[in-house]
Amino acid sequence: MSSQRQLFQQLFDENSKKVYHLCYGYTGDSDSANDLMQETFIKVWQNLDRFRNESQFSTWIYRIAVNTCLSYLRTVKRRTTDELNDTIIENYTEEPSEKQEQIALLYKSISQLDENERIIITMVLDEVPYPEIAEVAGISEGNLRVKIHRIKHKLTEIYNSNERL
Amino acid sequence: MKGFDEIQQLWQGQKPEPNVSFETILKRVKSDRTALSRKLFWQSVAVGVVVLTALWIGIAVDFSTWTTYLALAILVGCIGYYFANQLNDYKDIRRSSHLLAKPQDYINYLRAFQQKRYRFNTRTYTTYEICVAAAFALYGIEMYFILPLLTFAGIFILVILWFLICHFVFMKQYIKSEHMRIEEMIDNLERIKNQFE
């Protein structure tokens with residue numbers, strides 16, 4: 001039990017930030033991101049003894065996180081992009097600084113992407129290796145590279161146009 | 001104008017961090033398990049009490065017609081069937097094999113699960129409604145021999161009215177809102193599934 005707890009703590013320390021980023025990028029809302037992150041790690045704990053070493057721990061956790069984000073739809077009515085953007089801006093209004101505004105703008109831009117693009121790009125931004133992203137997303141590496149190229153371009157365009165506005 | 005590399009640098013220097021600690025997660029693991037067990041426990045207790053009460057009524061009260069015993073058996077069967085389904089769904093949604101599936105397969109699973117729940121809450125409810133109505137009708141045979149004719153007719157009309165209101169007002173509204181909710185969800189799941197292909 002204590003070794004399981006130790007392993008879990010290690011997994012939490014190593015992956016919680018990235019999982020949070022993924023959830024935040026997907027929902028565009030820090031409260032929901034915290035909820036989804038918690039839910040992900042609860043599922044990780046519940047299934048820890050079923051981990052089969054077929055992939056890395058991080059890939060396994062990411063897969064759980066992505067599916068948890070997808071099931072977010074099951075319980076929460078999808079909000080419009082405008083609603084998401086309002087929430088993102090509210091989350092950053094406590095101590096507004098130029099950098100925080102830019103990050104808020106970045107999350108706003110991510111929320112304008114399709115759901116799978118949000119998932120992929122948050123992993124790319126967190127420098128997750130491509131083979132791992134491909135495994136998590138369940139697509140071939142070749143297909144992923146094409147998608148990443150397109151999403152990077154799309155995000156840069158959206159970000160710059162939002163910045164101009 | 002920023003390039004993607006600058007955007008990535010911005011991302012990596014971001015402040016928002018999770019405000020959930022490892023200890024909080026462990027506490028939630030414990031409380032979640034307890035909450036679900038408690039919910040299942042109280043549902044089982046409620047079903048157990050109803051079934052035992054029905055059995056006790058069947059044994060203790062000397063009904064004059066066999067149709068009343070059949071009515072009790074139908075009611076117990078309906079409750080048992082509903083509870084077994086609930087239990088099965090709890091188990092199903094918590095199964096880890098779905099959780100670790102590819103996103104496309106997970107979306108398929110979510111879609112099938114939602115459709116199954118919708119069918120259970122709507123079409124199966126109609127069967128359930130018919131069974132309960134049949135149980136009441138069978139019990140009505142016993143009441144016909146016991147109650148004065150006018151009282152029996154009054155209760156009979158009230159029960160029929162209640163069933164009609166449930167079926168044509170409440171159930172129709174429920175099915176309509178559930179249908180809209182499920183359609184929106186399926187559309188969203190379909191749209192996301194297409195993104196992963």
# chains A, B, ... in the order shown; residues from 1 in each chain; ligands from 1
>>> interface_residues(of="chain A", to="chain B", cutoff="7 Å", atoms="only C-alpha atoms", output="short mmCIF file (atom, residue, chain, number, x, y, z; two decimals) with N, CA and C atoms, in the first residue's frame")
data_model
loop_
_atom_site.label_atom_id
_atom_site.label_comp_id
_atom_site.auth_asym_id
_atom_site.auth_seq_id
_atom_site.Cartn_x
_atom_site.Cartn_y
_atom_site.Cartn_z
N GLN A 9 2.31 9.14 -5.76
CA GLN A 9 2.78 10.51 -5.49
C GLN A 9 3.79 10.93 -6.56
N PHE A 12 1.98 11.66 -9.68
CA PHE A 12 1.26 12.93 -9.53
C PHE A 12 2.22 14.11 -9.70
N LYS A 17 0.96 18.72 -13.57
CA LYS A 17 0.98 20.03 -14.24
C LYS A 17 0.56 19.89 -15.72
N TYR A 20 -3.04 19.04 -16.02
CA TYR A 20 -3.83 20.24 -15.76
C TYR A 20 -3.86 21.14 -17.00
N ASN A 34 -9.32 21.83 -12.90
CA ASN A 34 -8.95 21.22 -11.62
C ASN A 34 -9.82 19.99 -11.33
N GLN A 38 -8.41 16.20 -11.10
CA GLN A 38 -8.67 15.35 -9.91
C GLN A 38 -9.27 14.02 -10.34
N ILE A 42 -7.81 10.29 -9.79
CA ILE A 42 -8.58 9.29 -9.03
C ILE A 42 -8.65 7.99 -9.84
N ASN A 47 -6.82 2.43 -10.97
CA ASN A 47 -6.39 1.46 -11.97
C ASN A 47 -4.89 1.18 -11.93
N ARG A 63 -3.77 9.18 -21.65
CA ARG A 63 -4.93 8.53 -22.27
C ARG A 63 -6.16 8.66 -21.35
N ILE A 64 -5.92 8.42 -20.07
CA ILE A 64 -7.02 8.54 -19.10
C ILE A 64 -7.52 9.99 -19.06
N ASN A 67 -9.60 10.81 -22.23
CA ASN A 67 -10.94 10.22 -22.17
C ASN A 67 -11.80 10.87 -21.09
N ARG A 74 -20.43 14.52 -21.40
CA ARG A 74 -21.54 13.72 -20.91
C ARG A 74 -22.29 14.44 -19.79
N ILE A 103 -1.09 35.24 -21.96
CA ILE A 103 -1.44 33.83 -21.71
C ILE A 103 -2.96 33.64 -21.80
N GLU A 115 -11.88 20.32 -30.66
CA GLU A 115 -11.52 19.61 -29.43
C GLU A 115 -10.23 18.79 -29.57
N ASN A 116 -10.11 18.01 -30.67
CA ASN A 116 -8.92 17.16 -30.79
C ASN A 116 -7.67 18.02 -31.00
N LEU A 125 2.71 21.85 -26.96
CA LEU A 125 3.25 23.00 -26.22
C LEU A 125 4.01 22.56 -24.97
N ALA A 137 -3.49 9.91 -28.80
CA ALA A 137 -4.60 10.32 -29.67
C ALA A 137 -5.13 9.17 -30.52
N GLY A 138 -4.40 8.04 -30.53
CA GLY A 138 -4.85 6.87 -31.29
C GLY A 138 -4.77 7.07 -32.78
N LYS A 152 -0.47 24.06 -35.59
CA LYS A 152 0.47 25.12 -35.21
C LYS A 152 0.18 26.38 -36.02
N THR A 156 -1.27 29.87 -34.46
CA THR A 156 -0.49 31.11 -34.62
C THR A 156 -1.34 32.18 -35.27
N ASN A 160 -2.44 35.62 -33.38
CA ASN A 160 -2.05 36.93 -33.90
C ASN A 160 -3.26 37.79 -34.25
#
>>> residues_around(residues="Val128 of chain A", least_positions_apart="5", cutoff="10 Å", atoms="only C-alpha atoms", output="ChimeraX atom specification")
/A:18,58-59,120-123,133
>>> closest_residue(among="B:Tyr139, B:Phe163, B:Phe170, B:Tyr128", to="Gly80 of chain B", atoms="only C-alpha atoms")
B:Tyr128
>>> residues_around(residues="Ile175 of chain B", least_positions_apart="4", cutoff="12 Å", atoms="only C-alpha atoms", output="PDB file with C-alpha atoms, in the first residue's frame")
ATOM      1  CA  TYR B 118     -31.967   6.825 -23.083  1.00  0.00           C
ATOM      2  CA  ARG B 119     -33.689   3.598 -24.147  1.00  0.00           C
ATOM      3  CA  PHE B 120     -33.844   2.475 -20.538  1.00  0.00           C
ATOM      4  CA  ASN B 121     -35.312   5.774 -19.341  1.00  0.00           C
ATOM      5  CA  THR B 122     -37.884   6.035 -22.110  1.00  0.00           C
ATOM      6  CA  ARG B 123     -38.863   2.822 -23.907  1.00  0.00           C
ATOM      7  CA  THR B 124     -38.274   0.542 -20.934  1.00  0.00           C
ATOM      8  CA  TYR B 125     -40.223   2.986 -18.799  1.00  0.00           C
ATOM      9  CA  THR B 126     -43.275   2.354 -20.989  1.00  0.00           C
ATOM     10  CA  CYS B 166     -48.163  10.513 -16.066  1.00  0.00           C
ATOM     11  CA  HIS B 167     -48.175   9.066 -19.575  1.00  0.00           C
ATOM     12  CA  PHE B 168     -49.419  12.000 -21.633  1.00  0.00           C
ATOM     13  CA  VAL B 169     -47.981  14.941 -19.678  1.00  0.00           C
ATOM     14  CA  PHE B 170     -44.978  14.050 -17.520  1.00  0.00           C
ATOM     15  CA  MET B 171     -43.601  11.219 -19.657  1.00  0.00           C
ATOM     16  CA  HIS B 179     -34.414  13.323 -26.670  1.00  0.00           C
ATOM     17  CA  MET B 180     -33.102  16.866 -27.210  1.00  0.00           C
ATOM     18  CA  ARG B 181     -30.342  16.373 -24.639  1.00  0.00           C
ATOM     19  CA  ILE B 182     -29.223  13.042 -26.072  1.00  0.00           C
ATOM     20  CA  GLU B 183     -29.349  14.308 -29.666  1.00  0.00           C
TER      21      GLU B 183
END
>>> residues_around(residues="Gln43 of chain B", least_positions_apart="4", cutoff="8 Å", atoms="only C-alpha atoms", output="MDAnalysis selection string")
chainID B and resid 39 47 83
>>> closest_residue(among="A:Gln56, A:Leu22, A:Glu101, A:Ser3", to="Pro129 of chain A", atoms="only C-alpha atoms")
A:Gln56
>>> atom_distance(atom1="atom CA of Cys23 of chain A", atom2="atom CA of Ser111 of chain A")
11.4 Å
>>> select_by_dssp(residues="chain A", states="helix (DSSP H, G or I)", output="ChimeraX atom specification")
/A:2-27,30-50,57-75,81-91,98-111,115-125,130-137,141-164
>>> write_last_selection(atoms="C-alpha atoms", output="compact mmCIF listing (two decimals), in the first residue's frame")
# COMPACT_ATOMS: atom_id res chain seq x y z
CA SER A 2 2.73 2.44 0.93
CA SER A 3 4.77 1.59 -2.20
CA GLN A 4 1.60 2.15 -4.25
CA ARG A 5 1.14 5.47 -2.51
CA GLN A 6 4.76 6.40 -3.21
CA LEU A 7 4.42 5.48 -6.86
CA PHE A 8 1.19 7.46 -7.08
CA GLN A 9 2.78 10.51 -5.49
CA GLN A 10 5.67 10.29 -7.95
CA LEU A 11 3.26 10.01 -10.89
CA PHE A 12 1.26 12.93 -9.53
CA ASP A 13 4.34 15.13 -9.10
CA GLU A 14 5.64 14.30 -12.56
CA ASN A 15 2.39 14.59 -14.50
CA SER A 16 -0.15 16.76 -12.67
CA LYS A 17 0.98 20.03 -14.24
CA LYS A 18 0.82 18.67 -17.79
CA VAL A 19 -2.52 16.97 -17.17
CA TYR A 20 -3.83 20.24 -15.76
CA HIS A 21 -2.64 22.12 -18.85
CA LEU A 22 -4.37 19.56 -21.06
CA CYS A 23 -7.62 19.90 -19.10
CA TYR A 24 -7.36 23.69 -19.02
CA GLY A 25 -6.72 23.83 -22.75
CA TYR A 26 -9.70 21.54 -23.34
CA THR A 27 -12.21 23.27 -21.07
CA SER A 30 -9.53 26.58 -14.39
CA ASP A 31 -12.22 25.19 -12.06
CA SER A 32 -13.30 22.55 -14.56
CA ALA A 33 -9.62 21.84 -15.31
CA ASN A 34 -8.95 21.22 -11.62
CA ASP A 35 -12.02 18.96 -11.41
CA LEU A 36 -11.00 16.98 -14.49
CA MET A 37 -7.42 16.69 -13.24
CA GLN A 38 -8.67 15.35 -9.91
CA GLU A 39 -10.95 12.91 -11.69
CA THR A 40 -8.07 11.76 -13.89
CA PHE A 41 -5.79 11.03 -10.93
CA ILE A 42 -8.58 9.29 -9.03
CA LYS A 43 -8.95 6.98 -12.03
CA VAL A 44 -5.16 6.56 -12.16
CA TRP A 45 -5.16 5.50 -8.51
CA GLN A 46 -8.10 3.12 -9.01
CA ASN A 47 -6.39 1.46 -11.97
CA LEU A 48 -2.77 1.55 -10.83
CA ASP A 49 -2.59 -2.20 -10.29
CA ARG A 50 -3.87 -2.77 -13.83
CA PHE A 57 3.17 5.71 -17.36
CA SER A 58 2.83 9.23 -18.77
CA THR A 59 1.15 7.92 -21.97
CA TRP A 60 -1.22 5.84 -19.89
CA ILE A 61 -2.10 8.86 -17.70
CA TYR A 62 -2.56 11.09 -20.74
CA ARG A 63 -4.93 8.53 -22.27
CA ILE A 64 -7.02 8.54 -19.10
CA ALA A 65 -6.92 12.35 -19.03
CA VAL A 66 -8.05 12.65 -22.67
CA ASN A 67 -10.94 10.22 -22.17
CA THR A 68 -11.90 12.02 -18.97
CA CYS A 69 -11.97 15.29 -20.90
CA LEU A 70 -14.09 13.65 -23.61
CA SER A 71 -16.59 12.40 -21.05
CA TYR A 72 -16.84 15.99 -19.75
CA LEU A 73 -19.42 16.37 -22.55
CA ARG A 74 -21.54 13.72 -20.91
CA THR A 75 -22.15 15.80 -17.82
CA THR A 81 -16.71 29.87 -27.42
CA ASP A 82 -17.81 33.31 -26.20
CA GLU A 83 -18.74 31.91 -22.79
CA LEU A 84 -15.38 30.11 -22.62
CA ASN A 85 -13.51 33.26 -23.50
CA ASP A 86 -15.31 35.22 -20.78
CA THR A 87 -14.29 32.59 -18.23
CA ILE A 88 -10.68 32.62 -19.42
CA ILE A 89 -10.51 36.39 -19.12
CA GLU A 90 -12.15 36.29 -15.65
CA ASN A 91 -9.50 33.81 -14.49
CA GLU A 98 1.10 41.99 -19.93
CA LYS A 99 2.30 38.41 -19.73
CA GLN A 100 -0.88 37.20 -18.07
CA GLU A 101 -2.94 38.95 -20.71
CA GLN A 102 -0.90 37.19 -23.38
CA ILE A 103 -1.44 33.83 -21.71
CA ALA A 104 -5.17 34.55 -21.40
CA LEU A 105 -5.15 35.37 -25.09
CA LEU A 106 -3.35 32.09 -25.78
CA TYR A 107 -6.00 30.08 -23.90
CA LYS A 108 -8.67 32.07 -25.70
CA SER A 109 -7.04 31.13 -29.01
CA ILE A 110 -6.78 27.46 -27.99
CA SER A 111 -10.49 27.46 -27.11
CA GLU A 115 -11.52 19.61 -29.43
CA ASN A 116 -8.92 17.16 -30.79
CA GLU A 117 -6.73 20.09 -31.87
CA ARG A 118 -6.85 21.48 -28.30
CA ILE A 119 -5.75 18.12 -26.92
CA ILE A 120 -2.93 17.71 -29.42
CA ILE A 121 -1.62 21.27 -29.22
CA THR A 122 -1.48 21.37 -25.40
CA MET A 123 0.71 18.25 -25.53
CA VAL A 124 2.88 19.80 -28.25
CA LEU A 125 3.25 23.00 -26.22
CA TYR A 130 5.38 12.94 -30.97
CA PRO A 131 5.21 9.11 -30.71
CA GLU A 132 3.60 9.53 -27.28
CA ILE A 133 1.06 12.06 -28.57
CA ALA A 134 0.24 9.71 -31.48
CA GLU A 135 -0.34 6.84 -29.05
CA VAL A 136 -2.52 8.97 -26.77
CA ALA A 137 -4.60 10.32 -29.67
CA GLU A 141 2.65 9.32 -36.29
CA GLY A 142 2.54 10.37 -39.94
CA ASN A 143 -1.04 11.55 -39.60
CA LEU A 144 -0.14 13.31 -36.36
CA ARG A 145 2.74 15.25 -37.96
CA VAL A 146 0.41 16.54 -40.65
CA LYS A 147 -2.15 17.52 -38.04
CA ILE A 148 0.44 19.24 -35.81
CA HIS A 149 1.75 21.26 -38.73
CA ARG A 150 -1.77 22.42 -39.52
CA ILE A 151 -2.73 23.12 -35.89
CA LYS A 152 0.47 25.12 -35.21
CA HIS A 153 -0.28 27.28 -38.21
CA LYS A 154 -3.93 27.68 -37.23
CA LEU A 155 -3.13 28.57 -33.61
CA THR A 156 -0.49 31.11 -34.62
CA GLU A 157 -2.95 32.75 -36.99
CA ILE A 158 -5.77 32.83 -34.41
CA TYR A 159 -3.41 34.14 -31.71
CA ASN A 160 -2.05 36.93 -33.90
CA SER A 161 -5.48 37.96 -35.11
CA ASN A 162 -6.76 38.02 -31.49
CA GLU A 163 -3.70 40.07 -30.52
CA ARG A 164 -4.39 42.58 -33.27
>>> atom_distance(atom1="atom CA of Leu147 of chain B", atom2="atom CA of Val159 of chain B")
15.1 Å
>>> atom_distance(atom1="atom CA of Leu75 of chain B", atom2="atom CA of Leu150 of chain B")
26.6 Å
>>> decode(residues="segment 81-111 of chain B", atoms="C-alpha atoms", output="compact mmCIF listing (two decimals), in the first residue's frame")
# COMPACT_ATOMS: atom_id res chain seq x y z
CA TYR B 81 -35.24 -5.23 -12.68
CA TYR B 82 -34.75 -1.47 -12.23
CA PHE B 83 -32.24 -1.96 -9.44
CA ALA B 84 -30.26 -4.60 -11.37
CA ASN B 85 -30.02 -2.20 -14.31
CA GLN B 86 -28.81 0.67 -12.14
CA LEU B 87 -26.18 -1.57 -10.56
CA ASN B 88 -25.03 -2.80 -13.95
CA ASP B 89 -24.65 0.77 -15.24
CA TYR B 90 -22.61 1.81 -12.21
CA LYS B 91 -20.26 -1.10 -12.84
CA ASP B 92 -20.11 -0.39 -16.55
CA ILE B 93 -19.21 3.29 -16.28
CA ARG B 94 -16.42 2.49 -13.83
CA ARG B 95 -14.85 -0.29 -15.93
CA SER B 96 -11.26 0.61 -16.70
CA SER B 97 -11.11 -1.09 -20.10
CA HIS B 98 -13.24 1.71 -21.59
CA LEU B 99 -11.16 4.37 -19.92
CA LEU B 100 -7.96 3.19 -21.57
CA ALA B 101 -9.43 2.79 -25.03
CA LYS B 102 -8.41 4.98 -27.98
CA PRO B 103 -10.36 8.28 -27.96
CA GLN B 104 -12.36 7.15 -31.03
CA ASP B 105 -13.35 3.90 -29.30
CA TYR B 106 -14.08 5.70 -26.06
CA ILE B 107 -16.42 8.08 -27.91
CA ASN B 108 -18.18 5.04 -29.44
CA TYR B 109 -18.56 3.60 -25.97
CA LEU B 110 -19.93 6.89 -24.56
CA ARG B 111 -22.40 7.13 -27.43
